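> structure13.csv (CSV, C-alpha atoms and all ligand atoms) pasted underneath:
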```csv
chain,number,residue,atom,x,y,z
O,8,MET,CA,7.0,-17.8,-0.4
O,9,THR,CA,5.0,-19.7,-2.9
O,10,VAL,CA,1.7,-18.5,-4.1
O,11,PRO,CA,-0.9,-21.2,-4.5
O,12,SER,CA,-1.8,-22.1,-8.0
O,13,PRO,CA,-4.9,-20.6,-9.6
O,14,THR,CA,-8.0,-22.4,-8.6
O,15,MET,CA,-11.0,-20.2,-9.3
O,16,THR,CA,-12.5,-17.8,-11.7
O,17,THR,CA,-11.9,-14.1,-10.9
O,18,ARG,CA,-14.8,-11.9,-11.8
O,19,VAL,CA,-14.4,-8.2,-12.4
O,20,LEU,CA,-17.4,-6.0,-11.7
O,21,HIS,CA,-17.7,-2.3,-12.2
O,22,TYR,CA,-18.3,-0.2,-9.1
O,23,GLY,CA,-22.0,0.1,-8.3
O,24,ALA,CA,-24.7,-1.1,-5.9
O,25,ASP,CA,-24.6,-4.7,-7.4
O,26,ALA,CA,-20.8,-5.0,-7.1
O,27,ILE,CA,-20.8,-3.7,-3.5
O,28,ALA,CA,-23.7,-6.1,-2.5
O,29,GLU,CA,-21.9,-9.1,-4.0
O,30,ALA,CA,-18.6,-8.0,-2.4
O,31,SER,CA,-20.3,-7.5,1.0
O,32,GLN,CA,-21.8,-11.0,0.8
O,33,LEU,CA,-18.4,-12.5,0.0
O,34,ILE,CA,-16.8,-10.7,2.9
O,35,ALA,CA,-19.6,-11.7,5.3
O,36,ALA,CA,-19.0,-15.3,4.3
O,37,GLY,CA,-15.3,-15.0,5.2
O,38,GLY,CA,-14.1,-14.3,1.6
O,39,ILE,CA,-11.6,-11.8,0.1
O,40,VAL,CA,-12.3,-9.1,-2.5
O,41,ALA,CA,-10.1,-6.7,-4.3
O,42,VAL,CA,-11.4,-3.1,-4.1
O,43,PRO,CA,-9.9,0.2,-5.1
O,44,THR,CA,-8.8,2.8,-2.6
O,45,GLU,CA,-7.5,6.3,-3.3
O,46,THR,CA,-3.9,4.9,-3.1
O,47,VAL,CA,-3.8,1.5,-4.7
O,48,TYR,CA,-6.2,-1.5,-5.0
O,49,GLY,CA,-6.5,-3.4,-1.7
O,50,LEU,CA,-7.3,-7.1,-1.0
O,51,ALA,CA,-10.0,-6.8,1.7
O,52,ALA,CA,-11.3,-9.2,4.3
O,53,ASP,CA,-13.1,-9.0,7.6
O,54,ALA,CA,-10.4,-8.0,10.1
O,55,THR,CA,-12.3,-9.7,12.9
O,56,ASP,CA,-12.3,-13.1,11.1
O,57,ALA,CA,-9.0,-15.0,11.5
O,58,ARG,CA,-9.7,-17.4,8.7
O,59,ALA,CA,-10.6,-14.6,6.3
O,60,VAL,CA,-7.4,-12.8,7.2
O,61,ALA,CA,-5.5,-16.0,6.6
O,62,ALA,CA,-7.0,-16.2,3.2
O,63,ILE,CA,-5.4,-12.8,2.3
O,64,TYR,CA,-2.0,-14.0,3.4
O,65,ALA,CA,-2.5,-17.2,1.4
O,66,ALA,CA,-3.7,-15.5,-1.8
O,67,LYS,CA,-0.8,-13.0,-1.7
O,68,GLY,CA,1.8,-15.5,-0.6
O,69,ARG,CA,2.7,-13.0,2.0
O,70,PRO,CA,5.1,-13.8,4.9
O,71,SER,CA,3.1,-14.1,8.0
O,72,PHE,CA,5.3,-11.7,9.9
O,73,ASN,CA,4.2,-8.8,7.8
O,74,PRO,CA,1.1,-7.2,9.4
O,75,LEU,CA,-1.8,-5.7,7.5
O,76,ILE,CA,-3.5,-2.2,7.5
O,77,VAL,CA,-7.0,-2.1,8.9
O,78,HIS,CA,-9.5,0.2,7.2
O,79,VAL,CA,-12.4,1.8,9.0
O,80,LEU,CA,-15.3,4.0,8.0
O,81,ASP,CA,-15.0,6.6,10.8
O,82,LEU,CA,-13.1,7.7,13.9
O,83,ALA,CA,-15.5,5.8,16.3
O,84,ALA,CA,-14.7,2.6,14.5
O,85,ALA,CA,-11.0,3.4,14.7
O,86,GLN,CA,-11.1,4.1,18.4
O,87,GLN,CA,-12.5,0.6,19.0
O,88,LEU,CA,-9.3,-0.8,17.6
O,89,ALA,CA,-6.6,1.6,18.6
O,90,VAL,CA,-5.7,4.0,21.4
O,91,PHE,CA,-5.6,7.6,20.2
O,92,ASP,CA,-3.6,10.2,22.1
O,93,ASP,CA,-3.8,13.9,21.2
O,94,MET,CA,-1.3,13.7,18.4
O,95,ALA,CA,-3.1,10.8,16.8
O,96,LEU,CA,-6.4,12.7,17.0
O,97,ARG,CA,-5.0,15.7,15.4
O,98,LEU,CA,-3.5,13.6,12.6
O,99,ALA,CA,-6.9,11.9,12.1
O,100,GLU,CA,-8.7,15.2,12.1
O,101,ALA,CA,-6.3,16.8,9.6
O,102,PHE,CA,-5.8,13.9,7.1
O,103,TRP,CA,-8.8,11.4,7.4
O,104,PRO,CA,-10.4,10.3,5.3
O,105,GLY,CA,-7.3,10.0,3.2
O,106,PRO,CA,-4.0,8.3,2.5
O,107,LEU,CA,-2.5,8.4,6.0
O,108,THR,CA,-2.0,5.2,8.1
O,109,LEU,CA,-1.4,5.6,11.8
O,110,VAL,CA,0.4,3.0,13.8
O,111,LEU,CA,-1.1,3.1,17.2
O,112,PRO,CA,-1.2,1.0,20.4
O,113,LEU,CA,-3.7,-1.8,19.9
O,114,ALA,CA,-6.8,-1.2,22.1
O,115,ARG,CA,-7.6,-3.7,24.8
O,116,ASP,CA,-10.0,-6.3,23.5
O,117,ALA,CA,-9.8,-4.8,20.0
O,118,PRO,CA,-11.9,-7.1,17.9
O,119,VAL,CA,-9.3,-8.0,15.3
O,120,ALA,CA,-7.7,-11.3,14.5
O,121,SER,CA,-4.2,-11.4,15.9
O,122,LEU,CA,-3.0,-12.4,12.4
O,123,VAL,CA,-3.8,-8.9,11.3
O,124,THR,CA,-1.2,-7.4,13.5
O,125,ALA,CA,1.1,-10.4,13.2
O,126,GLY,CA,1.3,-10.5,17.0
O,127,LEU,CA,2.4,-6.8,17.4
O,128,SER,CA,1.0,-4.6,20.2
O,129,THR,CA,0.4,-1.9,17.7
O,130,ILE,CA,-2.1,-1.7,14.9
O,131,ALA,CA,-1.9,0.1,11.5
O,132,ILE,CA,-5.1,1.8,10.8
O,133,ARG,CA,-6.6,4.2,8.2
O,134,MET,CA,-9.8,5.8,7.1
O,135,PRO,CA,-9.9,5.7,3.3
O,136,ALA,CA,-11.6,8.3,1.1
O,137,HIS,CA,-12.4,6.2,-1.9
O,138,ARG,CA,-16.1,5.7,-2.6
O,139,ALA,CA,-15.8,1.9,-3.4
O,140,MET,CA,-13.8,1.1,-0.2
O,141,ARG,CA,-16.1,3.3,1.9
O,142,ALA,CA,-19.2,1.7,0.4
O,143,LEU,CA,-17.8,-1.8,1.2
O,144,LEU,CA,-17.0,-0.7,4.8
O,145,ALA,CA,-20.5,0.7,5.2
O,146,ALA,CA,-22.2,-2.4,3.7
O,147,THR,CA,-20.2,-4.9,5.8
O,148,GLY,CA,-20.2,-2.9,9.0
O,149,LYS,CA,-16.8,-4.5,9.7
O,150,PRO,CA,-13.2,-3.2,9.9
O,151,LEU,CA,-11.5,-4.5,6.8
O,152,ALA,CA,-7.9,-5.6,6.7
O,153,ALA,CA,-6.5,-4.8,3.2
O,154,PRO,CA,-2.9,-5.0,2.0
O,155,SER,CA,-2.2,-4.0,-1.6
O,156,ALA,CA,-3.9,-6.5,-4.0
O,157,ASN,CA,-0.8,-8.0,-5.5
O,158,ALA,CA,1.3,-11.1,-4.9
O,159,SER,CA,3.7,-10.4,-2.1
O,160,GLY,CA,6.8,-8.5,-3.2
O,161,GLY,CA,5.2,-7.6,-6.6
O,162,ILE,CA,4.3,-4.1,-7.9
O,163,SER,CA,1.3,-2.6,-6.3
O,164,PRO,CA,-1.9,-2.4,-8.4
O,165,THR,CA,-3.4,0.9,-9.5
O,166,ARG,CA,-5.9,-0.6,-12.0
O,167,ALA,CA,-8.2,-3.6,-11.9
O,168,THR,CA,-6.2,-5.2,-14.7
O,169,HIS,CA,-3.0,-5.1,-12.6
O,170,VAL,CA,-4.9,-7.1,-9.9
O,171,VAL,CA,-6.1,-9.7,-12.3
O,172,ALA,CA,-2.6,-10.0,-13.8
O,173,SER,CA,-1.1,-10.7,-10.3
O,174,LEU,CA,-3.9,-12.5,-8.4
O,175,GLY,CA,-6.2,-13.8,-11.2
O,176,GLY,CA,-7.5,-17.3,-10.3
O,177,ARG,CA,-6.7,-16.8,-6.6
O,178,ILE,CA,-9.5,-14.3,-5.7
O,179,PRO,CA,-13.1,-14.4,-6.6
O,180,LEU,CA,-13.9,-10.8,-7.3
O,181,VAL,CA,-12.3,-7.5,-8.2
O,182,ILE,CA,-14.3,-4.3,-8.1
O,183,ASP,CA,-13.2,-2.0,-10.9
O,184,ASP,CA,-13.4,1.7,-10.4
O,185,GLY,CA,-10.7,2.8,-12.8
O,186,ALA,CA,-7.2,4.0,-12.0
O,187,THR,CA,-6.5,5.1,-8.5
O,188,GLU,CA,-5.9,8.7,-7.8
O,189,ALA,CA,-2.7,8.8,-5.6
O,190,GLY,CA,-1.1,5.8,-7.2
O,191,LEU,CA,1.2,5.2,-4.2
O,192,GLU,CA,0.4,3.4,-0.9
O,193,SER,CA,-0.5,5.5,2.1
O,194,THR,CA,2.0,7.4,4.2
O,195,ILE,CA,2.5,5.4,7.4
O,196,VAL,CA,3.4,7.2,10.6
O,197,GLY,CA,4.2,6.0,14.0
O,198,ILE,CA,3.7,8.2,17.0
O,199,ALA,CA,5.5,6.3,19.7
O,200,GLY,CA,8.3,8.6,21.0
O,201,GLY,CA,7.3,11.4,18.6
O,202,LEU,CA,6.1,11.5,15.0
O,203,ARG,CA,8.0,9.1,12.7
O,204,ILE,CA,7.4,8.4,9.0
O,205,LEU,CA,7.6,4.7,8.6
O,206,ARG,CA,6.7,4.7,4.9
O,207,PRO,CA,6.7,7.9,2.8
O,208,GLY,CA,3.6,8.4,0.7
O,209,PRO,CA,1.0,10.8,-0.6
O,210,ILE,CA,0.8,12.8,2.7
O,211,THR,CA,4.2,14.4,2.5
O,212,GLU,CA,6.7,15.1,5.2
O,213,ASP,CA,6.1,18.8,4.6
O,214,ALA,CA,2.3,18.4,5.2
O,215,LEU,CA,3.0,16.6,8.5
O,216,HIS,CA,5.6,19.1,9.4
O,217,ASP,CA,3.1,21.9,8.9
O,218,LEU,CA,0.8,20.3,11.4
O,219,PHE,CA,3.6,19.5,13.9
O,220,PRO,CA,6.5,21.9,13.4
O,221,GLY,CA,9.7,20.2,14.7
O,222,GLU,CA,8.3,16.6,14.3
O,223,GLY,CA,8.4,14.1,11.5
O,224,ARG,CA,11.7,15.1,10.0
O,225,GLY,CA,14.1,12.5,8.8
O,226,PRO,CA,13.8,8.7,8.5
O,227,ALA,CA,12.6,6.6,11.4
O,228,PRO,CA,15.5,5.2,13.5
O,229,PRO,CA,15.4,1.4,13.4
O,230,SER,CA,14.2,1.2,16.9
O,231,ALA,CA,11.1,3.3,16.1
O,232,VAL,CA,9.6,0.5,14.1
O,233,THR,CA,8.8,-2.5,16.3
O,234,GLY,CA,8.5,-5.8,14.7
O,235,PRO,CA,6.8,-8.9,15.9
O,236,ARG,CA,8.5,-11.2,18.3
O,237,SER,CA,11.1,-13.2,16.4
O,238,SER,CA,11.1,-17.0,16.7
O,239,PRO,CA,13.6,-19.6,15.7
O,240,GLY,CA,14.0,-20.1,12.0
O,241,LYS,CA,12.4,-16.8,11.1
O,242,PRO,CA,14.5,-13.8,10.1
O,243,PRO,CA,15.2,-11.4,12.9
O,244,VAL,CA,12.3,-9.0,13.1
O,245,THR,CA,12.5,-6.5,10.3
O,246,ALA,CA,10.8,-3.2,10.3
O,247,PRO,CA,7.4,-4.3,8.9
O,248,GLY,CA,6.8,-3.1,5.5
O,249,GLN,CA,10.3,-2.1,5.0
O,250,LEU,CA,11.6,-5.2,3.3
O,251,GLU,CA,14.4,-4.1,1.0
O,252,SER,CA,13.1,-5.8,-2.1
O,253,HIS,CA,9.5,-4.8,-2.5
O,254,TYR,CA,7.4,-3.5,-5.3
O,255,ALA,CA,9.7,-5.4,-7.5
O,256,PRO,CA,9.3,-5.9,-11.3
O,257,SER,CA,10.7,-9.2,-12.6
O,258,LYS,CA,13.4,-7.3,-14.6
O,259,PRO,CA,16.5,-5.4,-13.4
O,260,LEU,CA,15.8,-1.8,-12.9
O,261,ARG,CA,18.4,1.0,-13.2
O,262,LEU,CA,17.8,4.3,-11.4
O,263,ASN,CA,18.8,7.9,-12.3
O,264,ALA,CA,19.1,7.1,-16.0
O,265,THR,CA,19.4,10.1,-18.4
O,266,SER,CA,19.2,7.9,-21.5
O,267,ALA,CA,18.4,4.3,-22.3
O,268,ASN,CA,21.2,1.7,-22.7
O,269,GLN,CA,20.7,-1.1,-25.1
O,270,GLY,CA,17.9,-3.4,-24.1
O,271,GLU,CA,16.4,-0.9,-21.6
O,272,TRP,CA,12.9,0.4,-21.6
O,273,LEU,CA,13.2,3.9,-20.3
O,274,ILE,CA,10.6,5.5,-18.0
O,275,GLY,CA,11.1,9.3,-18.4
O,276,PHE,CA,10.4,12.3,-16.3
O,277,GLY,CA,10.4,16.0,-17.1
O,278,ALA,CA,13.0,16.8,-19.8
O,279,ILE,CA,14.0,13.1,-20.1
O,280,ALA,CA,11.3,11.7,-22.5
O,281,GLY,CA,11.9,7.9,-22.3
O,282,ASP,CA,9.6,5.3,-24.0
O,283,GLU,CA,6.9,6.6,-21.8
O,284,THR,CA,7.0,9.3,-19.2
O,285,LEU,CA,5.9,9.6,-15.6
O,286,SER,CA,5.2,13.3,-16.2
O,287,GLU,CA,6.3,15.4,-19.2
O,288,SER,CA,5.8,18.6,-17.2
O,289,GLY,CA,7.8,17.3,-14.2
O,290,ASP,CA,4.7,17.1,-12.0
O,291,LEU,CA,5.3,14.8,-9.0
O,292,GLY,CA,1.6,14.2,-8.3
O,293,GLU,CA,1.1,13.0,-11.9
O,294,ALA,CA,4.3,10.9,-11.6
O,295,ALA,CA,3.1,9.2,-8.4
O,296,ALA,CA,-0.2,8.4,-9.9
O,297,ARG,CA,1.5,6.8,-13.0
O,298,LEU,CA,4.4,5.1,-11.3
O,299,PHE,CA,3.1,1.6,-10.8
O,300,ASP,CA,1.2,1.6,-14.0
O,301,LEU,CA,4.4,2.3,-16.0
O,302,LEU,CA,6.4,-0.2,-13.9
O,303,HIS,CA,3.7,-2.8,-14.9
O,304,ARG,CA,4.1,-1.8,-18.5
O,305,ALA,CA,7.8,-1.8,-18.4
O,306,ASP,CA,7.7,-5.3,-16.9
O,307,ALA,CA,5.3,-6.6,-19.5
O,308,ASN,CA,7.0,-5.6,-22.7
O,309,ASP,CA,9.8,-7.5,-24.4
O,310,ARG,CA,12.8,-5.5,-23.5
O,311,PRO,CA,15.0,-7.2,-20.9
O,312,ARG,CA,15.7,-4.3,-18.6
O,313,ILE,CA,14.1,-1.1,-17.2
O,314,ALA,CA,15.7,2.3,-16.6
O,315,VAL,CA,14.1,5.2,-14.8
O,316,ALA,CA,15.0,8.9,-15.1
O,317,PRO,CA,16.0,10.8,-12.0
O,318,ILE,CA,13.1,12.1,-9.8
O,319,PRO,CA,13.7,15.2,-7.6
O,320,HIS,CA,14.0,14.1,-4.0
O,321,ASP,CA,11.5,16.5,-2.4
O,322,SER,CA,7.8,16.5,-1.6
O,323,LEU,CA,6.1,13.4,-3.3
O,324,GLY,CA,9.4,12.6,-4.9
O,325,ILE,CA,10.6,11.2,-1.6
O,326,ALA,CA,7.8,8.5,-1.7
O,327,ILE,CA,8.4,7.9,-5.4
O,328,ASN,CA,12.2,7.4,-4.8
O,329,ASP,CA,11.5,5.1,-1.9
O,330,ARG,CA,9.4,2.8,-4.1
O,331,LEU,CA,11.9,3.0,-7.0
O,332,ARG,CA,14.8,2.2,-4.7
O,333,ARG,CA,13.0,-0.9,-3.4
O,334,ALA,CA,12.0,-1.9,-6.9
O,335,ALA,CA,15.6,-1.7,-8.0
O,336,HIS,CA,16.9,-3.7,-5.1
O,337,ARG,CA,18.1,-7.2,-5.7
O,338,ASP,CA,18.8,-9.6,-2.8
Z,401,LIG,O1,-2.4,2.6,0.7
Z,401,LIG,C1,-2.3,1.6,1.4
Z,401,LIG,O2,-1.8,1.7,2.6
Z,401,LIG,C2,-2.7,0.3,0.8
Z,401,LIG,C3,-4.3,0.4,0.6
Z,401,LIG,C4,-4.8,-0.9,0.2
Z,401,LIG,O3,-4.8,0.8,1.8
Z,401,LIG,N1,-2.4,-0.8,1.7
Z,401,LIG,C5,-1.1,-1.2,1.8
Z,401,LIG,O4,-1.0,-2.3,2.6
Z,401,LIG,O5,-0.2,-0.7,1.3
Z,401,LIG,P1,0.3,-3.2,2.6
Z,401,LIG,O6,-0.1,-4.4,3.4
Z,401,LIG,O7,0.8,-3.5,1.3
Z,401,LIG,O8,1.3,-2.4,3.4
Z,401,LIG,C6,1.1,-2.1,4.8
Z,401,LIG,C7,2.4,-1.9,5.5
Z,401,LIG,C8,3.1,-3.1,5.5
Z,401,LIG,O9,4.4,-2.9,4.9
Z,401,LIG,C9,3.2,-3.5,7.0
Z,401,LIG,O10,4.4,-4.1,7.3
Z,401,LIG,C10,3.0,-2.2,7.6
Z,401,LIG,O11,2.1,-1.5,6.8
Z,401,LIG,N2,2.4,-2.3,9.0
Z,401,LIG,C11,1.2,-2.9,9.2
Z,401,LIG,N3,1.0,-3.0,10.6
Z,401,LIG,C12,2.1,-2.4,11.1
Z,401,LIG,C13,2.5,-2.1,12.5
Z,401,LIG,N4,1.7,-2.4,13.5
Z,401,LIG,N5,3.6,-1.4,12.7
Z,401,LIG,C14,4.4,-1.1,11.6
Z,401,LIG,N6,4.1,-1.3,10.3
Z,401,LIG,C15,3.0,-2.0,10.1
Z,402,MG,MG,2.0,-3.9,-0.5
```
If you convert what's in this file into structure tokens, what do you get?
Ligand code: TXA
Ligand code: MG


Amino acid sequence: MTVPSPTMTTRVLHYGADAIAEASQLIAAGGIVAVPTETVYGLAADATDARAVAAIYAAKGRPSFNPLIVHVLDLAAAQQLAVFDDMALRLAEAFWPGPLTLVLPLARDAPVASLVTAGLSTIAIRMPAHRAMRALLAATGKPLAAPSANASGGISPTRATHVVASLGGRIPLVIDDGATEAGLESTIVGIAGGLRILRPGPITEDALHDLFPGEGRGPAPPSAVTGPRSSPGKPPVTAPGQLESHYAPSKPLRLNATSANQGEWLIGFGAIAGDETLSESGDLGEAAARLFDLLHRADANDRPRIAVAPIPHDSLGIAINDRLRRAAHRD
């Protein structure tokens, strides 16, 4: 996928009434705006406007078979778009607003452009907690489609500077409200045939398990994630969002490194100090919040390779290791 060459000036405005008013006008006019959420910065557009949604795909250079998450202000807005059964309602009650995305059957006559779901009969939906995204949802009165605000396949942005580095010249506005809190994209769950984690994230398997004992353990079987209809010339339908190489820095990345080899910039954790560390005290929440920032920094310095210390594979470590494994993958 080629990303169009830069054609416009990208403004960065600090979060506040003026920034939200300007962003809201841009969205109403069919434009796209980068805005922070509690997970990562998103690139938002009116989900009901097909041309606006197409502009997201174009700016990111994203393959059109990869559908987008729709953000809503409240449950009533969510129920216009998706069919909620008891399990979905309980999940929404327990974790919304917050970093949980539900993949649910698309409601009949749901007012979203079909490009948002990439032709699927399901929709990925979430109610964010961040003040900037919530203010934009309230100001526009629209459901907002928003993938992470980075060029497709790149590292997700947790700061406004990351957005500008990746999409500067391709989007008109970034709302800057500092570093995001969670630092990892939302947990995505599907509920068809039982609770399935489609993408690990800030809401952990343990937290889901506490709500539904016996559900949500283990990875989703391939059949649990339905892809869009395949068509000739396109790759067979992959599990959306689960492309192997994702969140990729431009340099080779070595996992489970206990020390740096020559030419490597080492990202430490716990007892392994590294050039910089995800968390000196071995705190997984701190590590998640810093992960993409350190990957950006590792990518930007002059050493040719990156290495990362081992991260324990439990709780938030599962989501961190998921992102690291994809970042390390080379086609
Ligand atoms: O935290 C987040 O989720 C951030 C912020 C901005 O909200 N958004 C985000 O969006 O990570 P994105 O587009 O980078 O990732 C959304 C993932 C994609 O991998 C996509 O394939 C998957 O959600 N997805 C979207 N609709 C789906 C569906 N109907 N079924 C299964 N997966 C779906
Ligand atoms: Mg993304």

> Would you please work out which residue, of O:Arg141, O:Arg310, O:Arg97, O:Lys149, is nearest to ligand LIG 401 (chain Z) when using all atoms listed in the file?

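Ranked by minimum distance to ligand LIG 401 (chain Z), first place goes to O:Arg141.
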
> So that I can see what lies close to segment 292-306 of chain O, please list as a PyMOL selection string the residues with an atom at most 8 Å from it, counting only C-alpha atoms and leaving out residues fewer than 6 positions away in the same chain.

chain O and resi 162-166+169+187-191+256-258+272+274+276+283+285-286+313+323-324+327

> Could you list, as a PyMOL selection string, all protein and nucleic acid residues with an atom at most 10 Å from ligand MG 402 (chain Z), counting all atoms listed in the file?

chain O and resi 47-50+67+69+73+75-76+153-164+191-192+248+253-254

> Might you pull out every residue within 12 Å of segment 36-39 of chain O, with only C-alpha atoms counted and same-chain residues fewer than 3 positions away left off, and present them as a count of residues only?

41

> Could you give me the centre and size, in Å to one decimal, of an axis-aligned box around all listed atoms of segment 54-61 of chain O with 5 Å added on every side, as JSON?


```
{"center_x": -8.9, "center_y": -12.7, "center_z": 9.6, "size_x": 16.8, "size_y": 19.4, "size_z": 16.6}
```

> Give the answer as one residue: which of O:His21, O:Arg330, O:His336, O:His216 has the shortest atom-to-atom distance to ligand LIG 401 (chain Z), using only C-alpha atoms and all ligand atoms?

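Using only C-alpha atoms and all ligand atoms, ligand LIG 401 (chain Z) sits closest to O:Arg330.
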
> Please measure the separation of atom CA of Ala335 of chain O and atom C14 of ligand LIG 401 (chain Z), giving the value in Å to one decimal.

22.6 Å

> Can you measure atom CA of Ile27 of chain O to atom O3 of ligand LIG 401 (chain Z) for me? One decimal in Å is fine.

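Pair atom CA of Ile27 of chain O / atom O3 of ligand LIG 401 (chain Z) returns 17.4 Å.
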
> For Pro104 of chain O, which residue among O:Thr16, O:Ser193, O:Ser128, O:Thr211 is the nearest when counting all atoms listed in the file?

O:Ser193

> To one decimal place, how far is atom CA of Val123 of chain O from atom CA of Leu215 of chain O in Å?

26.5 Å

> Could you check the closest approach to ligand LIG 401 (chain Z) for each of O:Thr14, O:Pro209, O:Ala35, O:Ala26 and tell me which residue wins, using all atoms listed in the file?

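Ranking O:Thr14, O:Pro209, O:Ala35, O:Ala26 by distance to ligand LIG 401 (chain Z), first place goes to O:Pro209.
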
> With distances taken over all atoms listed in the file, which of O:Val196, O:Ala24, O:Ala167, O:Ala84 is nearest to ligand LIG 401 (chain Z)?

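Of O:Val196, O:Ala24, O:Ala167, O:Ala84, the one nearest ligand LIG 401 (chain Z), counting all atoms listed in the file, is O:Val196.
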
> Have a look at O:Glu45, O:Asp81, O:Asp321, O:Asp309 and name the one nearest to ligand LIG 401 (chain Z); count all atoms listed in the file.

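Ranked by minimum distance to ligand LIG 401 (chain Z), first place goes to O:Glu45.
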
> Extract, using only C-alpha atoms, all DNA, RNA and protein residues at most 9 Å from Gln87 of chain O, discarding same-chain residues fewer than 3 positions from it, and format them as a ChimeraX atom specification.

/O:82-84,90,114-118

> Take the residues from that selection and put them in a file with C-alpha atoms, as a PDB file, in the coordinates of the input.


```pdb
ATOM      1  CA  LEU O  82     -13.100   7.700  13.900  1.00  0.00           C
ATOM      2  CA  ALA O  83     -15.500   5.800  16.300  1.00  0.00           C
ATOM      3  CA  ALA O  84     -14.700   2.600  14.500  1.00  0.00           C
ATOM      4  CA  VAL O  90      -5.700   4.000  21.400  1.00  0.00           C
ATOM      5  CA  ALA O 114      -6.800  -1.200  22.100  1.00  0.00           C
ATOM      6  CA  ARG O 115      -7.600  -3.700  24.800  1.00  0.00           C
ATOM      7  CA  ASP O 116     -10.000  -6.300  23.500  1.00  0.00           C
ATOM      8  CA  ALA O 117      -9.800  -4.800  20.000  1.00  0.00           C
ATOM      9  CA  PRO O 118     -11.900  -7.100  17.900  1.00  0.00           C
TER      10      PRO O 118
END
```

> Please identify all polymer residues within 10 Å of Gly281 of chain O, counting all atoms listed in the file, omitting same-chain residues fewer than 5 positions from it, and present them as a PyMOL selection string.

chain O and resi 264-267+271-276+287+314-316

> With a distance cut-off of 12 Å and only C-alpha atoms, select the neighbouring residues of Leu113 of chain O, excluding the residue or stretch itself and same-chain residues fewer than 2 positions from it, and output the selection as a ChimeraX atom specification.

/O:77,85-91,109-111,115-121,123-132

> Kindly write segment 269-292 of chain O with C-alpha atoms to a file, as a compact mmCIF listing (two decimals), in the first residue's frame.


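Heads up, here's the output in selection_17.txt:
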```
# COMPACT_ATOMS: atom_id res chain seq x y z
CA GLN O 269 26.49 -5.05 18.77
CA GLY O 270 24.45 -2.40 16.98
CA GLU O 271 21.33 -3.03 19.03
CA TRP O 272 19.41 -0.47 21.02
CA LEU O 273 18.08 -2.42 23.99
CA ILE O 274 14.67 -1.75 25.50
CA GLY O 275 14.86 -2.99 29.08
CA PHE O 276 12.37 -4.30 31.58
CA GLY O 277 12.77 -4.99 35.29
CA ALA O 278 16.28 -6.20 36.12
CA ILE O 279 17.44 -5.75 32.49
CA ALA O 280 18.23 -2.06 32.26
CA GLY O 281 18.77 -1.47 28.52
CA ASP O 282 19.30 1.91 26.85
CA GLU O 283 15.88 2.85 28.12
CA THR O 284 13.50 0.74 30.11
CA LEU O 285 9.80 -0.04 29.83
CA SER O 286 9.60 -0.26 33.62
CA GLU O 287 12.49 -0.41 36.02
CA SER O 288 10.25 -1.85 38.73
CA GLY O 289 8.79 -4.48 36.39
CA ASP O 290 5.34 -2.86 36.38
CA LEU O 291 3.34 -4.12 33.36
CA GLY O 292 0.97 -1.12 33.33
```
